[in-house]
Each structure stands twice: as structure tokens, then as C-alpha cells.
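Source file coords.cif; content: mmCIF, N, CA and C atoms.
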```cif
data_entry
loop_
_atom_site.label_atom_id
_atom_site.label_comp_id
_atom_site.auth_asym_id
_atom_site.auth_seq_id
_atom_site.Cartn_x
_atom_site.Cartn_y
_atom_site.Cartn_z
N MET L 1 97.84 115.56 -72.68
CA MET L 1 97.35 114.84 -71.52
C MET L 1 98.46 113.94 -70.96
N THR L 2 98.64 114.01 -69.67
CA THR L 2 99.65 113.21 -69.00
C THR L 2 99.09 111.84 -68.67
N ILE L 3 99.90 110.83 -68.85
CA ILE L 3 99.56 109.47 -68.45
C ILE L 3 100.52 109.09 -67.33
N GLN L 4 99.97 108.68 -66.19
CA GLN L 4 100.78 108.23 -65.06
C GLN L 4 100.70 106.71 -64.99
N ARG L 5 101.85 106.08 -64.88
CA ARG L 5 101.91 104.62 -64.75
C ARG L 5 102.51 104.29 -63.39
N HIS L 6 101.87 103.38 -62.68
CA HIS L 6 102.33 102.98 -61.35
C HIS L 6 102.87 101.56 -61.39
N ASP L 7 104.07 101.39 -60.83
CA ASP L 7 104.70 100.07 -60.75
C ASP L 7 104.75 99.38 -62.12
N THR L 8 105.30 100.08 -63.09
CA THR L 8 105.41 99.54 -64.44
C THR L 8 106.50 98.47 -64.49
N GLN L 9 106.15 97.35 -65.10
CA GLN L 9 107.07 96.24 -65.29
C GLN L 9 107.11 95.90 -66.77
N THR L 10 107.69 94.81 -67.13
CA THR L 10 107.82 94.43 -68.54
C THR L 10 106.48 94.30 -69.25
N ARG L 11 105.52 93.60 -68.62
CA ARG L 11 104.26 93.29 -69.28
C ARG L 11 103.11 94.19 -68.88
N MET L 12 103.22 94.89 -67.77
CA MET L 12 102.06 95.64 -67.30
C MET L 12 102.46 96.69 -66.27
N SER L 13 101.52 97.59 -66.02
CA SER L 13 101.61 98.52 -64.91
C SER L 13 100.49 98.13 -63.95
N ARG L 14 100.71 98.30 -62.64
CA ARG L 14 99.65 97.98 -61.67
C ARG L 14 98.46 98.90 -61.84
N ALA L 15 98.72 100.15 -62.24
CA ALA L 15 97.66 101.10 -62.51
C ALA L 15 98.14 102.11 -63.53
N VAL L 16 97.22 102.56 -64.36
CA VAL L 16 97.50 103.62 -65.32
C VAL L 16 96.41 104.67 -65.13
N ILE L 17 96.83 105.93 -64.95
CA ILE L 17 95.88 107.02 -64.73
C ILE L 17 95.97 107.99 -65.88
N HIS L 18 94.79 108.31 -66.43
CA HIS L 18 94.70 109.27 -67.52
C HIS L 18 93.40 110.05 -67.38
N ASN L 19 93.51 111.35 -67.41
CA ASN L 19 92.33 112.19 -67.41
C ASN L 19 91.42 111.94 -66.20
N GLY L 20 92.00 111.66 -65.04
CA GLY L 20 91.21 111.45 -63.83
C GLY L 20 90.59 110.07 -63.69
N THR L 21 90.94 109.17 -64.61
CA THR L 21 90.42 107.80 -64.57
C THR L 21 91.58 106.83 -64.38
N ALA L 22 91.41 105.89 -63.48
CA ALA L 22 92.43 104.89 -63.19
C ALA L 22 92.00 103.54 -63.73
N TYR L 23 92.91 102.91 -64.43
CA TYR L 23 92.71 101.57 -64.99
C TYR L 23 93.66 100.64 -64.24
N LEU L 24 93.09 99.71 -63.47
CA LEU L 24 93.91 98.84 -62.63
C LEU L 24 94.12 97.48 -63.27
N CYS L 25 95.29 96.92 -63.02
CA CYS L 25 95.57 95.57 -63.51
C CYS L 25 94.74 94.57 -62.71
N GLY L 26 94.69 93.36 -63.20
CA GLY L 26 93.94 92.31 -62.51
C GLY L 26 94.48 92.07 -61.11
N GLN L 27 93.55 91.93 -60.16
CA GLN L 27 93.91 91.65 -58.77
C GLN L 27 93.41 90.25 -58.41
N VAL L 28 94.25 89.52 -57.73
CA VAL L 28 93.90 88.18 -57.25
C VAL L 28 94.15 88.15 -55.75
N SER L 29 93.83 87.05 -55.12
CA SER L 29 94.06 86.93 -53.68
C SER L 29 95.55 86.92 -53.37
N GLY L 30 95.87 87.28 -52.14
CA GLY L 30 97.25 87.22 -51.68
C GLY L 30 97.66 85.78 -51.44
N PRO L 31 98.95 85.53 -51.30
CA PRO L 31 99.45 84.17 -51.09
C PRO L 31 98.81 83.47 -49.90
N GLU L 32 98.47 84.23 -48.86
CA GLU L 32 97.88 83.63 -47.65
C GLU L 32 96.52 82.99 -47.90
N ALA L 33 95.84 83.39 -48.97
CA ALA L 33 94.49 82.88 -49.24
C ALA L 33 94.42 81.96 -50.45
N ARG L 34 95.53 81.71 -51.09
CA ARG L 34 95.51 80.96 -52.36
C ARG L 34 94.99 79.53 -52.23
N GLU L 35 95.15 78.94 -51.07
CA GLU L 35 94.63 77.58 -50.87
C GLU L 35 93.23 77.59 -50.27
N GLY L 36 92.69 78.79 -50.05
CA GLY L 36 91.36 78.93 -49.45
C GLY L 36 90.24 78.77 -50.46
N ASP L 37 89.01 78.81 -49.94
CA ASP L 37 87.83 78.70 -50.80
C ASP L 37 87.55 80.05 -51.47
N ILE L 38 86.48 80.11 -52.25
CA ILE L 38 86.16 81.33 -52.99
C ILE L 38 85.91 82.50 -52.04
N THR L 39 85.34 82.27 -50.88
CA THR L 39 85.09 83.35 -49.93
C THR L 39 86.41 83.94 -49.45
N ALA L 40 87.34 83.10 -49.03
CA ALA L 40 88.64 83.58 -48.55
C ALA L 40 89.39 84.31 -49.66
N GLN L 41 89.36 83.76 -50.87
CA GLN L 41 90.07 84.40 -51.97
C GLN L 41 89.43 85.72 -52.36
N THR L 42 88.11 85.82 -52.33
CA THR L 42 87.44 87.07 -52.68
C THR L 42 87.74 88.14 -51.64
N ILE L 43 87.70 87.79 -50.37
CA ILE L 43 88.02 88.75 -49.30
C ILE L 43 89.44 89.26 -49.47
N SER L 44 90.38 88.38 -49.71
CA SER L 44 91.77 88.76 -49.89
C SER L 44 91.95 89.64 -51.13
N MET L 45 91.33 89.26 -52.22
CA MET L 45 91.44 90.01 -53.47
C MET L 45 90.90 91.43 -53.29
N LEU L 46 89.74 91.57 -52.64
CA LEU L 46 89.16 92.90 -52.45
C LEU L 46 89.97 93.73 -51.46
N SER L 47 90.60 93.10 -50.51
CA SER L 47 91.48 93.82 -49.59
C SER L 47 92.68 94.38 -50.35
N ARG L 48 93.23 93.59 -51.23
CA ARG L 48 94.35 94.06 -52.06
C ARG L 48 93.89 95.18 -52.99
N LEU L 49 92.68 95.07 -53.51
CA LEU L 49 92.13 96.12 -54.36
C LEU L 49 91.96 97.42 -53.57
N ASP L 50 91.46 97.32 -52.33
CA ASP L 50 91.36 98.50 -51.46
C ASP L 50 92.71 99.20 -51.32
N ALA L 51 93.75 98.43 -51.09
CA ALA L 51 95.09 99.00 -50.90
C ALA L 51 95.57 99.70 -52.16
N LEU L 52 95.34 99.10 -53.32
CA LEU L 52 95.76 99.72 -54.57
C LEU L 52 94.95 100.98 -54.85
N LEU L 53 93.65 100.94 -54.61
CA LEU L 53 92.83 102.13 -54.79
C LEU L 53 93.33 103.28 -53.91
N GLU L 54 93.62 102.97 -52.65
CA GLU L 54 94.12 104.00 -51.74
C GLU L 54 95.46 104.56 -52.25
N GLU L 55 96.32 103.68 -52.71
CA GLU L 55 97.64 104.09 -53.19
C GLU L 55 97.54 105.10 -54.34
N ILE L 56 96.54 104.95 -55.20
CA ILE L 56 96.43 105.84 -56.36
C ILE L 56 95.47 107.01 -56.14
N GLY L 57 94.87 107.11 -54.96
CA GLY L 57 93.98 108.23 -54.68
C GLY L 57 92.53 108.00 -55.05
N SER L 58 92.06 106.78 -54.88
CA SER L 58 90.67 106.46 -55.16
C SER L 58 90.14 105.57 -54.04
N ASP L 59 88.91 105.10 -54.18
CA ASP L 59 88.32 104.21 -53.19
C ASP L 59 87.10 103.51 -53.80
N ARG L 60 86.45 102.69 -52.99
CA ARG L 60 85.29 101.91 -53.44
C ARG L 60 84.16 102.78 -53.99
N GLU L 61 83.98 103.95 -53.44
CA GLU L 61 82.89 104.82 -53.86
C GLU L 61 83.15 105.45 -55.23
N HIS L 62 84.35 105.31 -55.75
CA HIS L 62 84.70 105.88 -57.04
C HIS L 62 84.87 104.83 -58.13
N LEU L 63 84.42 103.60 -57.88
CA LEU L 63 84.50 102.56 -58.90
C LEU L 63 83.58 102.91 -60.06
N LEU L 64 84.07 102.74 -61.26
CA LEU L 64 83.27 102.98 -62.45
C LEU L 64 82.84 101.66 -63.10
N ALA L 65 83.77 100.72 -63.19
CA ALA L 65 83.49 99.44 -63.84
C ALA L 65 84.35 98.36 -63.21
N ALA L 66 83.81 97.15 -63.19
CA ALA L 66 84.55 95.99 -62.67
C ALA L 66 84.24 94.79 -63.56
N THR L 67 85.27 94.02 -63.85
CA THR L 67 85.10 92.73 -64.52
C THR L 67 85.66 91.68 -63.59
N ILE L 68 84.81 90.73 -63.23
CA ILE L 68 85.20 89.66 -62.32
C ILE L 68 85.28 88.36 -63.11
N TYR L 69 86.39 87.66 -62.94
CA TYR L 69 86.63 86.39 -63.61
C TYR L 69 86.58 85.28 -62.57
N LEU L 70 85.75 84.29 -62.78
CA LEU L 70 85.66 83.14 -61.88
C LEU L 70 86.16 81.89 -62.60
N ALA L 71 86.95 81.10 -61.90
CA ALA L 71 87.40 79.84 -62.47
C ALA L 71 86.23 78.86 -62.61
N ASP L 72 85.26 78.96 -61.70
CA ASP L 72 84.12 78.03 -61.66
C ASP L 72 82.84 78.82 -61.42
N GLY L 73 81.91 78.75 -62.35
CA GLY L 73 80.64 79.46 -62.22
C GLY L 73 79.85 79.06 -60.98
N ALA L 74 80.12 77.89 -60.43
CA ALA L 74 79.42 77.46 -59.22
C ALA L 74 79.77 78.35 -58.03
N ASP L 75 80.86 79.14 -58.13
CA ASP L 75 81.27 80.04 -57.05
C ASP L 75 80.60 81.41 -57.11
N PHE L 76 79.73 81.63 -58.09
CA PHE L 76 79.11 82.93 -58.30
C PHE L 76 78.38 83.45 -57.06
N ALA L 77 77.53 82.65 -56.46
CA ALA L 77 76.75 83.11 -55.30
C ALA L 77 77.64 83.43 -54.11
N ALA L 78 78.61 82.59 -53.82
CA ALA L 78 79.49 82.84 -52.67
C ALA L 78 80.35 84.08 -52.90
N MET L 79 80.84 84.27 -54.12
CA MET L 79 81.61 85.48 -54.43
C MET L 79 80.73 86.71 -54.27
N ASN L 80 79.48 86.63 -54.75
CA ASN L 80 78.56 87.77 -54.65
C ASN L 80 78.25 88.14 -53.20
N THR L 81 78.22 87.18 -52.31
CA THR L 81 77.97 87.48 -50.89
C THR L 81 79.06 88.40 -50.36
N VAL L 82 80.31 88.12 -50.69
CA VAL L 82 81.43 88.96 -50.26
C VAL L 82 81.37 90.30 -50.99
N TRP L 83 81.16 90.26 -52.29
CA TRP L 83 81.11 91.48 -53.11
C TRP L 83 80.03 92.43 -52.59
N ASP L 84 78.83 91.90 -52.37
CA ASP L 84 77.71 92.74 -51.93
C ASP L 84 78.00 93.44 -50.61
N ALA L 85 78.70 92.78 -49.71
CA ALA L 85 79.06 93.39 -48.42
C ALA L 85 80.18 94.42 -48.60
N TRP L 86 80.98 94.29 -49.63
CA TRP L 86 82.14 95.16 -49.85
C TRP L 86 81.77 96.46 -50.56
N VAL L 87 80.84 96.40 -51.52
CA VAL L 87 80.47 97.58 -52.31
C VAL L 87 79.58 98.49 -51.46
N PRO L 88 79.96 99.78 -51.33
CA PRO L 88 79.13 100.70 -50.56
C PRO L 88 77.75 100.89 -51.21
N ALA L 89 76.72 100.93 -50.39
CA ALA L 89 75.35 101.10 -50.89
C ALA L 89 75.28 102.34 -51.77
N GLY L 90 74.66 102.18 -52.93
CA GLY L 90 74.49 103.28 -53.85
C GLY L 90 75.70 103.56 -54.74
N HIS L 91 76.76 102.77 -54.62
CA HIS L 91 77.99 103.01 -55.38
C HIS L 91 78.41 101.80 -56.22
N ALA L 92 77.47 100.95 -56.59
CA ALA L 92 77.82 99.78 -57.39
C ALA L 92 78.31 100.22 -58.77
N PRO L 93 79.44 99.68 -59.22
CA PRO L 93 79.95 100.02 -60.56
C PRO L 93 79.21 99.23 -61.63
N ALA L 94 79.40 99.61 -62.89
CA ALA L 94 79.00 98.74 -63.98
C ALA L 94 79.84 97.47 -63.81
N ARG L 95 79.23 96.30 -63.95
CA ARG L 95 79.96 95.07 -63.64
C ARG L 95 79.65 93.97 -64.62
N THR L 96 80.68 93.20 -64.92
CA THR L 96 80.57 91.99 -65.72
C THR L 96 81.21 90.87 -64.91
N CYS L 97 80.62 89.69 -64.97
CA CYS L 97 81.21 88.54 -64.30
C CYS L 97 81.17 87.36 -65.27
N ILE L 98 82.34 86.77 -65.50
CA ILE L 98 82.43 85.65 -66.45
C ILE L 98 83.27 84.53 -65.86
N THR L 99 83.14 83.35 -66.43
CA THR L 99 84.05 82.27 -66.07
C THR L 99 85.18 82.26 -67.10
N ALA L 100 86.38 82.01 -66.58
CA ALA L 100 87.55 82.03 -67.44
C ALA L 100 88.67 81.25 -66.77
N PRO L 101 89.59 80.72 -67.56
CA PRO L 101 90.76 80.07 -66.97
C PRO L 101 91.57 81.09 -66.17
N MET L 102 92.14 80.67 -65.07
CA MET L 102 92.96 81.53 -64.23
C MET L 102 94.44 81.37 -64.59
N PRO L 103 95.26 82.37 -64.26
CA PRO L 103 96.68 82.28 -64.58
C PRO L 103 97.46 81.26 -63.75
N ALA L 104 96.85 80.81 -62.65
CA ALA L 104 97.46 79.76 -61.82
C ALA L 104 96.34 78.84 -61.34
N PRO L 105 96.58 77.54 -61.26
CA PRO L 105 95.50 76.60 -60.95
C PRO L 105 94.85 76.79 -59.58
N GLU L 106 95.57 77.37 -58.61
CA GLU L 106 94.98 77.54 -57.28
C GLU L 106 94.08 78.77 -57.18
N LEU L 107 94.12 79.64 -58.18
CA LEU L 107 93.30 80.85 -58.15
C LEU L 107 91.86 80.56 -58.56
N LYS L 108 90.94 81.17 -57.83
CA LYS L 108 89.51 80.98 -58.10
C LYS L 108 88.84 82.24 -58.63
N VAL L 109 89.47 83.43 -58.42
CA VAL L 109 88.81 84.68 -58.79
C VAL L 109 89.86 85.75 -59.09
N GLU L 110 89.54 86.62 -60.05
CA GLU L 110 90.37 87.77 -60.39
C GLU L 110 89.44 88.91 -60.75
N ILE L 111 89.88 90.15 -60.53
CA ILE L 111 89.07 91.31 -60.84
C ILE L 111 89.92 92.38 -61.52
N THR L 112 89.34 93.05 -62.50
CA THR L 112 89.94 94.25 -63.06
C THR L 112 88.94 95.39 -62.83
N VAL L 113 89.47 96.57 -62.55
CA VAL L 113 88.63 97.70 -62.16
C VAL L 113 89.06 98.97 -62.88
N THR L 114 88.09 99.80 -63.18
CA THR L 114 88.30 101.16 -63.63
C THR L 114 87.67 102.04 -62.56
N ALA L 115 88.39 103.08 -62.13
CA ALA L 115 87.88 103.94 -61.06
C ALA L 115 88.24 105.40 -61.34
N ALA L 116 87.42 106.28 -60.82
CA ALA L 116 87.72 107.71 -60.88
C ALA L 116 88.67 108.05 -59.73
N ILE L 117 89.53 109.01 -59.98
CA ILE L 117 90.41 109.51 -58.92
C ILE L 117 89.60 110.52 -58.11
N LYS L 118 89.76 110.51 -56.79
CA LYS L 118 89.01 111.43 -55.92
C LYS L 118 89.43 112.86 -56.17
#
```
Whole structure given in C-alpha cells:
Amino acid sequence: MTIQRHDTQTRMSRAVIHNGTAYLCGQVSGPEAREGDITAQTISMLSRLDALLEEIGSDREHLLAATIYLADGADFAAMNTVWDAWVPAGHAPARTCITAPMPAPELKVEITVTAAIK
């Protein structure tokens, strides 16, 4: 079985594909949204996720699992408002959402995704 690694660096690859399944690294908001609220950061993060999914040959309808990390549990409802509008009807992945420390203090949300390749 072939393993494809995309944008491999010292500590991680942006995506690893094996057997038609893509495992994506954690995605956070872009620099333009880092000082924004949870809504702005979630929109930016999901936009970046869309771009990575497209790059590897997948999309929102092929999500298998998602783990969402929130710096503050009080942001759960606002993040879900953006998430619910982003996920195509009938294509919700298995999902976990937890609170956890972020890798940088200005970050409010991060997501890791597993997706099928189209």
C-alpha cells in the first residue's frame, strides 16, 4: 500500500493519504483572522480546510471524522453556528469537540479531519 504525504516538514505533513483515506493536520484560522472572535476564526479555519481538501482531491461531502478543539467552551454555540452552515446537509462527519490549550494564545479554535478521497 502506498502512502502519500503532502507538504512534509520536520514534525508533520499537512495531509497523509492511505488507502483512499486522507488524514489532515490541524487547521487554524489564517493570520488575517487571528485577532478576531470565534466566528471570524472559525470561518477562516474552515476556508483553509476547504482549500486543503480541494488540494488533496476531497471535499466537505467526503468528511469522515472531525475533532474540534476550542480554547474556551463558552465559544461552543458560536462555533457551531458557523459549522452548521458549513457542513452540507446529510454529510455530517463523526465529530468530537473538546476544550484544550491552543498552540498560540490568540487562537480560539483548531480542527483535525479525516476524509475520503473522491
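Matched in the shown structure by the PyMOL selection byres ((chain L and resi 111) around 6): Cys25, Gly26, Gln27, Val28, Thr67, Ile68, Tyr69, Val109, Glu110, Thr112 and Val113 of chain L.
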Next item on the list: Rank nothing, just name the residue among L:Pro88, L:Val82, L:His62, L:Ile3 nearest to Ile43 in chain L, using all atoms listed in the file.
Entry: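 Among the listed residues, the smallest separation from Ile43 in chain L belongs to L:Val82.
Among L:Glu106, L:His91, L:Trp83, L:Thr114, the residue with the shortest atom-to-atom distance to Gly36 in chain L, counting only N, CA and C atoms, is L:Glu106.
For the choices L:Lys118, L:Asp75, L:Ala51, L:Asp59, the atom-to-atom distance to Cys97 in chain L is smallest for L:Asp75 when using only C-alpha atoms.
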Note to self: Ranking L:Ala74, L:Gly30, L:Ala89, L:Leu63 by minimum distance to Thr42 in chain L and counting only C-alpha atoms, which one comes first?
What the structure shows: L:Gly30
Next item on the list: Write out as a ChimeraX atom specification each polymer residue whose atoms come within 9 Å of range 53-56 of chain L, counting only C-alpha atoms; drop sequence neighbours fewer than 3 positions from it.
Entry: /L:6,15,17,22,24,48-50,59-60,115,117
Kindly provide, as a short mmCIF file (atom, residue, chain, number, x, y, z; two decimals) with N, CA and C atoms, in the coordinates of the input, the polymer residues lying within 5 Å of (93.6, 82.6, -55.1), counting all atoms listed in the file and using the coordinates exactly as they appear in the file.
```cif
data_model
loop_
_atom_site.label_atom_id
_atom_site.label_comp_id
_atom_site.auth_asym_id
_atom_site.auth_seq_id
_atom_site.Cartn_x
_atom_site.Cartn_y
_atom_site.Cartn_z
N SER L 29 93.83 87.05 -55.12
CA SER L 29 94.06 86.93 -53.68
C SER L 29 95.55 86.92 -53.37
N ALA L 33 95.84 83.39 -48.97
CA ALA L 33 94.49 82.88 -49.24
C ALA L 33 94.42 81.96 -50.45
N ARG L 34 95.53 81.71 -51.09
CA ARG L 34 95.51 80.96 -52.36
C ARG L 34 94.99 79.53 -52.23
N GLU L 106 95.57 77.37 -58.61
CA GLU L 106 94.98 77.54 -57.28
C GLU L 106 94.08 78.77 -57.18
N LEU L 107 94.12 79.64 -58.18
CA LEU L 107 93.30 80.85 -58.15
C LEU L 107 91.86 80.56 -58.56
N LYS L 108 90.94 81.17 -57.83
CA LYS L 108 89.51 80.98 -58.10
C LYS L 108 88.84 82.24 -58.63
#
```
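Between CA of Thr10 in chain L and atom N of Ser44 in chain L the interatomic distance comes to 26.4 Å.
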Next item on the list: Between CA of Ser13 in chain L and CA of Val87 in chain L, measure the distance and give it in Å to one decimal.
Entry: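 If I compute the distance from CA of Ser13 in chain L to CA of Val87 in chain L, I get 24.6 Å.
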Item checked: In range 1-117 of chain L, DSSP strand (DSSP E) residues written as a PyMOL selection string -> chain L and resi 3-6+15-18+21-24+63-70+94-99+109-116
Next item on the list: For atom C of Arg5 in chain L and atom N of Gly20 in chain L, determine how far apart the two atoms are, in Å to one decimal place.
Entry: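 Computing the Euclidean distance for atom C of Arg5 in chain L and atom N of Gly20 in chain L yields 12.9 Å.
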Margin query: My list of candidates is L:Ala65, L:Met79, L:Ala85, L:Leu70. Which is closest to Ala100 in chain L when distances are computed with all atoms listed in the file?
Written below: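 The answer is L:Leu70, which sits nearest to Ala100 in chain L.
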Checklist line | Counting only C-alpha atoms, the residue of L:Ala40, L:Ala71, L:Thr81, L:Pro93 that sits nearest Pro105 in chain L | finding: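 Closest residue, counting only C-alpha atoms: L:Ala71.
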